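Q: Can you keep this structure in mind? I'll have questions shortly.
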Amino acid sequence: MARPLSVAIVGAGMGGLATAAALRRVGIDVMVYEQASQFARIGAGIQIGCNAMKVLRALGLEQRMREQSFYPRSWNNRDWKSGDIKFDMIFGESAEEKFGAPYLLAHRGDLHAALASVVPDEFVRLNHKLVGLDEASDGVRLTFADGTSAVADAVVGADGVHSAVRDILFNTAPVKFTGRIAYRTTYPAALLGEKIDDCTKWWGEDRHIVIYYVKPDRSEVYLVTSQPEPNFRIESWSAKGDVRELRASFEGFHPQVGQVLAACPDVHKWAIMDRDALDRWADGKVTLLGDACHPMTPYMAQGAAMAIEDAAVLSRCLDGVDRDGAADAFRRFEATRKERTTRVQETSRANIWLKQRTDTSWVYGYDAWSAPLAA
(Lines give C-alpha, C1' and ligand atoms only; values in the text may rest on other atoms or scores of the structure.)
Protein backbone atom coordinates (compact mmCIF):
# COMPACT_ATOMS: atom_id res chain seq x y z
CA MET A 1 0.00 0.00 0.00
CA ALA A 2 1.46 3.39 -1.05
CA ARG A 3 2.22 5.82 1.74
CA PRO A 4 0.19 9.04 1.85
CA LEU A 5 1.48 12.18 0.20
CA SER A 6 3.39 14.37 2.68
CA VAL A 7 3.01 18.15 2.47
CA ALA A 8 4.93 20.76 4.43
CA ILE A 9 2.95 23.97 4.99
CA VAL A 10 4.94 27.12 5.73
CA GLY A 11 2.89 29.53 7.85
CA ALA A 12 0.28 28.88 10.53
CA GLY A 13 -2.05 31.76 9.80
CA MET A 14 -5.62 31.38 8.59
CA GLY A 15 -4.59 29.99 5.21
CA GLY A 16 -1.95 27.63 6.55
CA LEU A 17 -4.15 26.10 9.25
CA ALA A 18 -7.15 25.83 6.91
CA THR A 19 -4.91 24.08 4.38
CA ALA A 20 -3.61 21.65 7.01
CA ALA A 21 -7.16 20.82 8.10
CA ALA A 22 -8.42 20.42 4.53
CA LEU A 23 -5.49 18.21 3.47
CA ARG A 24 -5.82 16.00 6.54
CA ARG A 25 -9.48 15.60 5.62
CA VAL A 26 -8.44 13.78 2.41
CA GLY A 27 -5.77 11.63 4.07
CA ILE A 28 -2.65 13.69 3.31
CA ASP A 29 0.16 13.84 5.87
CA VAL A 30 0.89 17.46 6.85
CA MET A 31 3.33 19.38 8.98
CA VAL A 32 2.94 23.12 9.53
CA TYR A 33 6.05 25.25 10.15
CA GLU A 34 5.56 28.66 11.78
CA GLN A 35 8.29 31.19 12.59
CA ALA A 36 6.48 32.69 15.61
CA SER A 37 7.11 31.23 19.05
CA GLN A 38 3.43 31.35 20.00
CA PHE A 39 0.03 32.34 18.65
CA ALA A 40 -0.98 35.84 19.76
CA ARG A 41 -4.56 37.06 20.15
CA ILE A 42 -4.35 40.34 18.25
CA GLY A 43 -7.06 42.94 18.84
CA ALA A 44 -8.66 42.78 15.42
CA GLY A 45 -11.99 41.87 13.90
CA ILE A 46 -12.64 39.76 10.83
CA GLN A 47 -15.64 39.37 8.57
CA ILE A 48 -16.34 35.73 7.70
CA GLY A 49 -18.23 35.78 4.42
CA CYS A 50 -20.76 33.12 3.44
CA ASN A 51 -18.20 31.75 0.98
CA ALA A 52 -15.62 31.19 3.73
CA MET A 53 -18.24 29.73 6.07
CA LYS A 54 -18.96 26.94 3.59
CA VAL A 55 -15.34 25.83 3.90
CA LEU A 56 -15.38 26.13 7.70
CA ARG A 57 -18.59 24.09 7.81
CA ALA A 58 -16.88 21.12 6.14
CA LEU A 59 -13.99 21.45 8.60
CA GLY A 60 -16.46 21.07 11.47
CA LEU A 61 -16.24 24.66 12.70
CA GLU A 62 -19.62 26.20 11.86
CA GLN A 63 -21.26 25.69 15.24
CA ARG A 64 -18.24 26.97 17.13
CA MET A 65 -18.06 30.13 15.01
CA ARG A 66 -21.81 30.75 15.31
CA GLU A 67 -21.49 30.56 19.10
CA GLN A 68 -18.50 32.93 19.26
CA SER A 69 -19.34 35.46 16.53
CA PHE A 70 -21.84 38.22 15.84
CA TYR A 71 -24.67 37.57 13.35
CA PRO A 72 -25.32 40.98 11.76
CA ARG A 73 -28.54 42.18 10.22
CA SER A 74 -26.57 43.88 7.46
CA TRP A 75 -23.40 45.56 6.30
CA ASN A 76 -24.67 49.14 6.10
CA ASN A 77 -22.86 51.75 4.00
CA ARG A 78 -23.55 55.32 5.09
CA ASP A 79 -22.43 58.85 4.26
CA TRP A 80 -19.75 60.10 6.62
CA LYS A 81 -21.59 63.21 7.70
CA SER A 82 -25.32 62.94 7.06
CA GLY A 83 -25.59 59.24 7.79
CA ASP A 84 -27.63 58.78 4.59
CA ILE A 85 -27.63 55.14 3.47
CA LYS A 86 -25.70 54.45 0.26
CA PHE A 87 -26.34 50.69 0.21
CA ASP A 88 -27.56 48.40 2.98
CA MET A 89 -26.33 44.87 2.19
CA ILE A 90 -28.79 42.69 4.07
CA PHE A 91 -27.33 39.60 5.72
CA GLY A 92 -28.98 37.57 8.49
CA GLU A 93 -31.33 34.74 7.62
CA SER A 94 -32.25 35.94 4.14
CA ALA A 95 -28.62 36.00 3.00
CA GLU A 96 -27.96 32.66 4.69
CA GLU A 97 -30.80 31.15 2.72
CA LYS A 98 -29.67 32.80 -0.54
CA PHE A 99 -25.94 32.04 -0.27
CA GLY A 100 -26.07 28.77 1.68
CA ALA A 101 -24.19 29.85 4.82
CA PRO A 102 -24.21 32.63 7.44
CA TYR A 103 -22.23 35.87 7.32
CA LEU A 104 -20.47 36.32 10.66
CA LEU A 105 -18.40 39.04 12.34
CA ALA A 106 -15.72 37.66 14.63
CA HIS A 107 -12.64 38.43 16.62
CA ARG A 108 -9.68 37.42 14.48
CA GLY A 109 -8.22 35.47 17.39
CA ASP A 110 -11.40 33.39 17.71
CA LEU A 111 -11.27 32.31 14.07
CA HIS A 112 -7.57 31.48 14.30
CA ALA A 113 -8.12 29.48 17.49
CA ALA A 114 -10.97 27.58 15.84
CA LEU A 115 -8.76 26.62 12.89
CA ALA A 116 -5.94 25.66 15.27
CA SER A 117 -8.36 23.38 17.13
CA VAL A 118 -8.77 21.11 14.09
CA VAL A 119 -5.02 20.75 13.49
CA PRO A 120 -3.54 18.68 16.34
CA ASP A 121 -0.51 20.23 18.07
CA GLU A 122 1.81 17.46 16.93
CA PHE A 123 1.38 18.67 13.34
CA VAL A 124 2.50 22.26 14.07
CA ARG A 125 6.12 23.28 14.64
CA LEU A 126 6.59 26.75 16.12
CA ASN A 127 9.92 28.65 16.08
CA HIS A 128 10.67 27.42 12.55
CA LYS A 129 11.73 30.32 10.31
CA LEU A 130 12.26 29.13 6.74
CA VAL A 131 15.54 30.16 5.10
CA GLY A 132 15.93 27.64 2.26
CA LEU A 133 14.14 25.28 -0.13
CA ASP A 134 15.95 22.72 -2.26
CA GLU A 135 14.98 19.76 -4.40
CA ALA A 136 16.19 16.49 -2.89
CA SER A 137 16.11 12.91 -4.11
CA ASP A 138 13.35 12.15 -1.64
CA GLY A 139 11.30 15.34 -2.11
CA VAL A 140 11.74 18.99 -1.16
CA ARG A 141 14.12 19.91 1.66
CA LEU A 142 13.19 22.82 3.91
CA THR A 143 15.97 24.50 5.90
CA PHE A 144 15.24 26.64 8.96
CA ALA A 145 17.08 29.44 10.70
CA ASP A 146 17.94 27.25 13.71
CA GLY A 147 19.92 24.88 11.46
CA THR A 148 17.31 22.12 11.36
CA SER A 149 15.76 20.77 8.18
CA ALA A 150 12.83 18.65 7.03
CA VAL A 151 11.83 16.85 3.85
CA ALA A 152 8.33 16.58 2.33
CA ASP A 153 6.92 15.40 -0.97
CA ALA A 154 5.55 18.89 -1.62
CA VAL A 155 5.49 22.33 -0.01
CA VAL A 156 2.75 24.97 0.34
CA GLY A 157 3.83 28.53 1.10
CA ALA A 158 1.00 30.02 3.16
CA ASP A 159 3.27 32.56 4.83
CA GLY A 160 1.50 35.78 3.95
CA VAL A 161 2.33 39.01 2.19
CA HIS A 162 6.00 38.84 3.25
CA SER A 163 6.28 35.22 2.11
CA ALA A 164 9.74 33.66 2.45
CA VAL A 165 8.66 30.84 0.13
CA ARG A 166 7.73 33.34 -2.58
CA ASP A 167 10.98 35.23 -2.21
CA ILE A 168 12.99 31.99 -2.49
CA LEU A 169 11.08 30.85 -5.60
CA PHE A 170 10.68 34.06 -7.56
CA ASN A 171 12.19 37.49 -8.13
CA THR A 172 9.34 39.28 -6.42
CA ALA A 173 8.40 42.87 -7.06
CA PRO A 174 8.81 44.91 -3.87
CA VAL A 175 5.80 45.66 -1.74
CA LYS A 176 4.19 49.00 -2.62
CA PHE A 177 3.02 51.49 0.00
CA THR A 178 -0.46 52.74 -0.94
CA GLY A 179 0.02 56.09 0.79
CA ARG A 180 -2.72 55.11 3.23
CA ILE A 181 -2.69 53.91 6.81
CA ALA A 182 -5.18 52.11 9.03
CA TYR A 183 -6.04 52.36 12.69
CA ARG A 184 -7.71 49.37 14.30
CA THR A 185 -8.68 48.04 17.70
CA THR A 186 -11.23 46.03 19.63
CA TYR A 187 -12.53 47.15 23.00
CA PRO A 188 -15.39 46.37 25.43
CA ALA A 189 -18.67 47.68 24.09
CA ALA A 190 -19.68 48.64 27.65
CA LEU A 191 -17.47 51.70 27.16
CA LEU A 192 -19.82 52.95 24.44
CA GLY A 193 -22.69 53.75 26.75
CA GLU A 194 -25.35 52.92 24.17
CA LYS A 195 -25.85 50.50 21.30
CA ILE A 196 -24.59 51.25 17.78
CA ASP A 197 -25.39 49.79 14.35
CA ASP A 198 -24.50 46.13 13.76
CA CYS A 199 -21.94 46.81 11.04
CA THR A 200 -21.39 50.11 9.25
CA LYS A 201 -18.87 51.49 6.80
CA TRP A 202 -18.86 55.28 7.01
CA TRP A 203 -17.69 56.61 3.63
CA GLY A 204 -15.82 59.91 3.79
CA GLU A 205 -14.36 61.92 0.94
CA ASP A 206 -10.82 60.57 1.27
CA ARG A 207 -11.16 58.18 4.21
CA HIS A 208 -13.52 55.68 5.79
CA ILE A 209 -14.11 53.85 9.03
CA VAL A 210 -15.74 50.43 9.50
CA ILE A 211 -17.32 49.62 12.88
CA TYR A 212 -18.94 46.37 13.99
CA TYR A 213 -19.55 44.04 16.91
CA VAL A 214 -17.48 40.86 17.12
CA LYS A 215 -19.31 38.96 19.87
CA PRO A 216 -22.81 37.46 19.81
CA ASP A 217 -23.83 39.40 22.95
CA ARG A 218 -22.49 42.70 21.51
CA SER A 219 -19.91 42.82 24.29
CA GLU A 220 -16.96 43.76 22.08
CA VAL A 221 -16.70 46.29 19.27
CA TYR A 222 -14.14 46.63 16.47
CA LEU A 223 -13.12 49.55 14.31
CA VAL A 224 -10.76 49.85 11.37
CA THR A 225 -10.00 52.89 9.23
CA SER A 226 -8.30 53.81 5.99
CA GLN A 227 -6.96 57.31 5.44
CA PRO A 228 -4.11 59.08 3.65
CA GLU A 229 -0.81 59.47 5.50
CA PRO A 230 2.01 59.23 2.95
CA ASN A 231 4.91 59.45 5.41
CA PHE A 232 4.00 56.57 7.77
CA ARG A 233 5.47 53.28 6.54
CA ILE A 234 5.45 50.93 9.51
CA GLU A 235 3.69 47.72 8.51
CA SER A 236 3.16 46.05 11.85
CA TRP A 237 0.19 44.44 13.57
CA SER A 238 1.54 45.56 16.94
CA ALA A 239 2.65 49.19 16.38
CA LYS A 240 0.67 51.58 18.57
CA GLY A 241 -1.15 54.62 17.24
CA ASP A 242 -2.23 57.81 18.99
CA VAL A 243 -5.96 57.69 19.68
CA ARG A 244 -6.05 61.52 19.82
CA GLU A 245 -4.73 61.69 16.25
CA LEU A 246 -7.35 59.11 15.22
CA ARG A 247 -10.17 61.18 16.73
CA ALA A 248 -8.87 64.34 15.07
CA SER A 249 -8.70 62.67 11.65
CA PHE A 250 -12.43 61.81 11.84
CA GLU A 251 -13.58 65.13 13.26
CA GLY A 252 -16.91 66.12 11.72
CA PHE A 253 -18.01 62.56 10.96
CA HIS A 254 -21.47 61.37 12.05
CA PRO A 255 -22.11 61.43 15.83
CA GLN A 256 -22.09 57.61 15.97
CA VAL A 257 -18.49 57.63 14.72
CA GLY A 258 -17.64 60.26 17.30
CA GLN A 259 -19.24 58.13 20.01
CA VAL A 260 -17.16 55.07 19.06
CA LEU A 261 -13.90 57.03 18.86
CA ALA A 262 -14.53 58.94 22.09
CA ALA A 263 -14.90 55.63 23.94
CA CYS A 264 -11.88 54.03 22.27
CA PRO A 265 -9.07 53.52 24.84
CA ASP A 266 -6.17 52.83 22.48
CA VAL A 267 -5.39 51.79 18.89
CA HIS A 268 -2.89 50.07 16.67
CA LYS A 269 -1.71 51.66 13.43
CA TRP A 270 -0.23 50.16 10.29
CA ALA A 271 0.65 51.13 6.76
CA ILE A 272 -1.56 49.59 4.05
CA MET A 273 0.66 47.87 1.51
CA ASP A 274 -0.13 46.31 -1.85
CA ARG A 275 1.60 43.91 -4.23
CA ASP A 276 0.97 43.07 -7.85
CA ALA A 277 -0.35 39.59 -8.58
CA LEU A 278 2.27 37.00 -9.45
CA ASP A 279 2.49 35.61 -12.97
CA ARG A 280 2.61 32.12 -11.52
CA TRP A 281 2.20 30.59 -8.11
CA ALA A 282 4.06 27.28 -8.33
CA ASP A 283 7.52 25.97 -9.14
CA GLY A 284 7.54 22.20 -9.40
CA LYS A 285 6.42 20.68 -6.12
CA VAL A 286 6.17 24.01 -4.30
CA THR A 287 3.14 26.30 -4.50
CA LEU A 288 2.00 29.52 -2.90
CA LEU A 289 -1.43 30.13 -1.38
CA GLY A 290 -3.39 33.06 0.05
CA ASP A 291 -1.65 36.40 0.59
CA ALA A 292 1.68 34.86 -0.47
CA CYS A 293 0.49 34.86 -4.09
CA HIS A 294 -2.60 37.10 -4.23
CA PRO A 295 -2.36 39.64 -1.37
CA MET A 296 -5.50 41.67 -0.79
CA THR A 297 -6.09 45.20 0.36
CA PRO A 298 -8.65 45.09 3.20
CA TYR A 299 -11.52 46.84 1.42
CA MET A 300 -13.68 43.79 0.62
CA ALA A 301 -12.98 41.88 3.86
CA GLN A 302 -12.06 38.90 1.68
CA GLY A 303 -8.33 38.37 2.26
CA ALA A 304 -8.64 35.52 4.74
CA ALA A 305 -11.67 34.18 2.88
CA MET A 306 -9.64 33.79 -0.32
CA ALA A 307 -6.95 31.85 1.57
CA ILE A 308 -9.60 29.63 3.18
CA GLU A 309 -11.18 28.99 -0.22
CA ASP A 310 -7.71 28.19 -1.58
CA ALA A 311 -7.30 25.54 1.12
CA ALA A 312 -10.47 23.71 0.07
CA VAL A 313 -9.69 23.83 -3.65
CA LEU A 314 -6.09 22.71 -3.09
CA SER A 315 -7.28 19.72 -1.07
CA ARG A 316 -9.53 18.71 -3.97
CA CYS A 317 -6.67 19.03 -6.45
CA LEU A 318 -4.35 16.91 -4.26
CA ASP A 319 -6.93 14.29 -3.29
CA GLY A 320 -5.65 10.87 -4.42
CA VAL A 321 -2.43 12.31 -5.90
CA ASP A 322 0.93 10.61 -5.31
CA ARG A 323 4.26 12.45 -4.93
CA ASP A 324 4.86 12.37 -8.69
CA GLY A 325 1.56 14.14 -9.32
CA ALA A 326 2.01 17.08 -6.94
CA ALA A 327 3.42 19.49 -9.55
CA ASP A 328 0.48 18.86 -11.91
CA ALA A 329 -1.98 19.26 -9.00
CA PHE A 330 -0.42 22.60 -8.11
CA ARG A 331 -0.78 23.82 -11.70
CA ARG A 332 -4.42 22.72 -11.65
CA PHE A 333 -4.96 24.58 -8.37
CA GLU A 334 -3.56 27.79 -9.84
CA ALA A 335 -5.60 27.44 -13.03
CA THR A 336 -8.75 26.93 -10.97
CA ARG A 337 -8.24 29.83 -8.58
CA LYS A 338 -6.41 32.56 -10.46
CA GLU A 339 -9.31 34.23 -12.26
CA ARG A 340 -11.39 34.50 -9.09
CA THR A 341 -8.61 35.72 -6.81
CA THR A 342 -7.48 38.27 -9.39
CA ARG A 343 -11.02 39.62 -9.69
CA VAL A 344 -11.33 39.95 -5.91
CA GLN A 345 -7.87 41.53 -5.67
CA GLU A 346 -8.70 44.16 -8.30
CA THR A 347 -12.19 44.84 -6.93
CA SER A 348 -10.83 45.30 -3.42
CA ARG A 349 -8.05 47.60 -4.62
CA ALA A 350 -10.67 49.93 -6.19
CA ASN A 351 -12.31 50.39 -2.74
CA ILE A 352 -15.85 50.86 -4.02
CA TRP A 353 -17.26 47.52 -2.79
CA LEU A 354 -20.82 48.06 -1.45
CA LYS A 355 -20.56 51.85 -1.84
CA GLN A 356 -23.68 51.59 -4.00
CA ARG A 357 -26.05 48.77 -4.89
CA THR A 358 -23.77 45.83 -5.66
CA ASP A 359 -24.13 42.31 -7.06
CA THR A 360 -22.50 40.26 -4.29
CA SER A 361 -23.58 36.80 -5.42
CA TRP A 362 -20.34 36.12 -7.31
CA VAL A 363 -18.43 36.53 -4.03
CA TYR A 364 -20.71 35.10 -1.36
CA GLY A 365 -22.42 32.44 -3.49
CA TYR A 366 -19.14 30.69 -4.35
CA ASP A 367 -18.62 27.19 -2.93
CA ALA A 368 -14.99 26.05 -2.92
CA TRP A 369 -16.07 22.43 -2.41
CA SER A 370 -18.13 22.26 -5.63
CA ALA A 371 -16.70 24.94 -7.93
CA PRO A 372 -15.45 23.28 -11.15
CA LEU A 373 -11.76 22.39 -11.17
CA ALA A 374 -9.65 23.33 -14.18
CA ALA A 375 -8.90 20.55 -16.65
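In the C-alpha coordinates, chains take the letters A, B, ... in the order shown, each chain's residues start at 1, and ligands count up from 1 in the order shown.
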Check which residues of stretch 125-161 of chain A sit at most 7 Å from stretch 280-304 of chain A using only C-alpha atoms, and return one row each with the closest pair of atoms and their distance in Å to one decimal, ordered by chain and rising number, as CSV.
A:
residue,atom,partner,partner_atom,distance
A:Ala154,CA,A:Lys285,CA,4.9
A:Val155,CA,A:Val286,CA,4.7
A:Val156,CA,A:Thr287,CA,5.0
A:Gly157,CA,A:Leu288,CA,4.5
A:Ala158,CA,A:Leu289,CA,5.2
A:Asp159,CA,A:Ala292,CA,6.0
A:Gly160,CA,A:Ala292,CA,4.5
A:Val161,CA,A:Ala292,CA,5.0
Q: Check stretch 258-299 of chain A with DSSP on the backbone and list each residue it calls strand (DSSP E or B), as a ChimeraX atom specification.
A: /A:267-274,282-283,286-288
Q: Give me, please, the distance in Å between atom CA of A:Val344 and atom CA of A:Tyr364, quoted to one decimal.
A: 11.5 Å
Q: Quick one: residues within 9 Å of A:Phe232, only C-alpha atoms, excluding same-chain residues fewer than 2 positions away - as a list of chain:residue names?
A: A:Gly179, A:Arg180, A:Ile181, A:Glu229, A:Pro230, A:Ile234, A:Glu235, A:Trp270, A:Ala271
Q: Selection from above, all heavy atoms, as a PDB file, in the first residue's frame, can you write it?
A:
ATOM      1  N   GLY A 179       0.191  54.704   0.352  1.00  0.00           N
ATOM      2  CA  GLY A 179       0.025  56.088   0.790  1.00  0.00           C
ATOM      3  C   GLY A 179      -1.075  56.237   1.833  1.00  0.00           C
ATOM      4  O   GLY A 179      -1.401  57.343   2.254  1.00  0.00           O
ATOM      5  N   ARG A 180      -1.627  55.093   2.269  1.00  0.00           N
ATOM      6  CA  ARG A 180      -2.722  55.108   3.234  1.00  0.00           C
ATOM      7  C   ARG A 180      -2.342  54.285   4.456  1.00  0.00           C
ATOM      8  O   ARG A 180      -1.552  53.336   4.365  1.00  0.00           O
ATOM      9  CB  ARG A 180      -4.018  54.566   2.602  1.00  0.00           C
ATOM     10  CG  ARG A 180      -4.442  55.348   1.356  1.00  0.00           C
ATOM     11  CD  ARG A 180      -5.751  54.830   0.795  1.00  0.00           C
ATOM     12  NE  ARG A 180      -6.877  55.123   1.680  1.00  0.00           N
ATOM     13  CZ  ARG A 180      -7.502  56.291   1.726  1.00  0.00           C
ATOM     14  NH1 ARG A 180      -7.124  57.300   0.940  1.00  0.00           N
ATOM     15  NH2 ARG A 180      -8.509  56.481   2.534  1.00  0.00           N
ATOM     16  N   ILE A 181      -2.926  54.655   5.580  1.00  0.00           N
ATOM     17  CA  ILE A 181      -2.692  53.908   6.813  1.00  0.00           C
ATOM     18  C   ILE A 181      -4.033  53.489   7.402  1.00  0.00           C
ATOM     19  O   ILE A 181      -5.100  53.985   6.995  1.00  0.00           O
ATOM     20  CB  ILE A 181      -1.886  54.728   7.840  1.00  0.00           C
ATOM     21  CG1 ILE A 181      -2.649  56.013   8.240  1.00  0.00           C
ATOM     22  CG2 ILE A 181      -0.529  55.090   7.269  1.00  0.00           C
ATOM     23  CD1 ILE A 181      -3.433  55.914   9.520  1.00  0.00           C
ATOM     24  N   GLU A 229      -1.919  59.005   4.656  1.00  0.00           N
ATOM     25  CA  GLU A 229      -0.811  59.465   5.496  1.00  0.00           C
ATOM     26  C   GLU A 229       0.471  58.980   4.817  1.00  0.00           C
ATOM     27  O   GLU A 229       1.013  57.922   5.156  1.00  0.00           O
ATOM     28  CB  GLU A 229      -0.908  58.940   6.931  1.00  0.00           C
ATOM     29  CG  GLU A 229       0.106  59.632   7.841  1.00  0.00           C
ATOM     30  CD  GLU A 229      -0.073  59.285   9.303  1.00  0.00           C
ATOM     31  OE1 GLU A 229      -1.217  59.105   9.757  1.00  0.00           O
ATOM     32  OE2 GLU A 229       0.952  59.192  10.006  1.00  0.00           O
ATOM     33  N   PRO A 230       0.947  59.713   3.841  1.00  0.00           N
ATOM     34  CA  PRO A 230       2.012  59.227   2.953  1.00  0.00           C
ATOM     35  C   PRO A 230       3.366  59.024   3.611  1.00  0.00           C
ATOM     36  O   PRO A 230       4.228  58.358   3.033  1.00  0.00           O
ATOM     37  CB  PRO A 230       2.089  60.302   1.862  1.00  0.00           C
ATOM     38  CG  PRO A 230       1.444  61.509   2.453  1.00  0.00           C
ATOM     39  CD  PRO A 230       0.425  61.018   3.416  1.00  0.00           C
ATOM     40  N   ILE A 234       5.260  52.084   8.631  1.00  0.00           N
ATOM     41  CA  ILE A 234       5.452  50.928   9.511  1.00  0.00           C
ATOM     42  C   ILE A 234       4.324  49.933   9.268  1.00  0.00           C
ATOM     43  O   ILE A 234       3.152  50.223   9.523  1.00  0.00           O
ATOM     44  CB  ILE A 234       5.466  51.360  10.995  1.00  0.00           C
ATOM     45  CG1 ILE A 234       6.605  52.350  11.246  1.00  0.00           C
ATOM     46  CG2 ILE A 234       5.602  50.142  11.893  1.00  0.00           C
ATOM     47  CD1 ILE A 234       6.584  52.974  12.624  1.00  0.00           C
ATOM     48  N   GLU A 235       4.695  48.764   8.755  1.00  0.00           N
ATOM     49  CA  GLU A 235       3.690  47.724   8.509  1.00  0.00           C
ATOM     50  C   GLU A 235       3.794  46.686   9.610  1.00  0.00           C
ATOM     51  O   GLU A 235       4.541  45.723   9.529  1.00  0.00           O
ATOM     52  CB  GLU A 235       3.917  47.084   7.144  1.00  0.00           C
ATOM     53  CG  GLU A 235       2.791  46.150   6.742  1.00  0.00           C
ATOM     54  CD  GLU A 235       3.112  45.378   5.477  1.00  0.00           C
ATOM     55  OE1 GLU A 235       4.258  45.382   5.043  1.00  0.00           O
ATOM     56  OE2 GLU A 235       2.190  44.752   4.952  1.00  0.00           O
ATOM     57  N   TRP A 270      -1.168  50.767  11.240  1.00  0.00           N
ATOM     58  CA  TRP A 270      -0.233  50.161  10.294  1.00  0.00           C
ATOM     59  C   TRP A 270      -0.417  50.724   8.902  1.00  0.00           C
ATOM     60  O   TRP A 270      -1.473  51.240   8.560  1.00  0.00           O
ATOM     61  CB  TRP A 270      -0.335  48.633  10.317  1.00  0.00           C
ATOM     62  CG  TRP A 270      -1.306  47.970   9.389  1.00  0.00           C
ATOM     63  CD1 TRP A 270      -1.018  47.384   8.189  1.00  0.00           C
ATOM     64  CD2 TRP A 270      -2.711  47.745   9.588  1.00  0.00           C
ATOM     65  NE1 TRP A 270      -2.142  46.833   7.633  1.00  0.00           N
ATOM     66  CE2 TRP A 270      -3.198  47.040   8.464  1.00  0.00           C
ATOM     67  CE3 TRP A 270      -3.614  48.093  10.609  1.00  0.00           C
ATOM     68  CZ2 TRP A 270      -4.534  46.671   8.332  1.00  0.00           C
ATOM     69  CZ3 TRP A 270      -4.950  47.716  10.475  1.00  0.00           C
ATOM     70  CH2 TRP A 270      -5.378  47.019   9.354  1.00  0.00           C
ATOM     71  N   ALA A 271       0.662  50.653   8.134  1.00  0.00           N
ATOM     72  CA  ALA A 271       0.654  51.132   6.758  1.00  0.00           C
ATOM     73  C   ALA A 271      -0.002  50.085   5.866  1.00  0.00           C
ATOM     74  O   ALA A 271       0.275  48.887   5.987  1.00  0.00           O
ATOM     75  CB  ALA A 271       2.083  51.396   6.291  1.00  0.00           C
TER      76      ALA A 271
END
Q: Determine the nearest neighbour of A:Leu261 from the options A:Cys317, A:Val363, A:Ala189, A:Leu354, counting only C-alpha atoms.
A: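 Nearest candidate to A:Leu261 out of A:Cys317, A:Val363, A:Ala189, A:Leu354: A:Ala189.
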Q: I'd like the contact shell of stretch 122-138 of chain A - 6 Å cut-off, only C-alpha atoms, skipping same-chain residues fewer than 3 positions apart - returned as an NGL selection string.
A: :A and (31-37 or 141-145)
Q: Contacts of A:His208 at 6 Å or less, counting only C-alpha atoms, minus same-chain residues fewer than 6 places along, as a list in words?
A: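 Once the adjacent positions are removed, what remains is Trp202, Thr225 and Ser226 of chain A.
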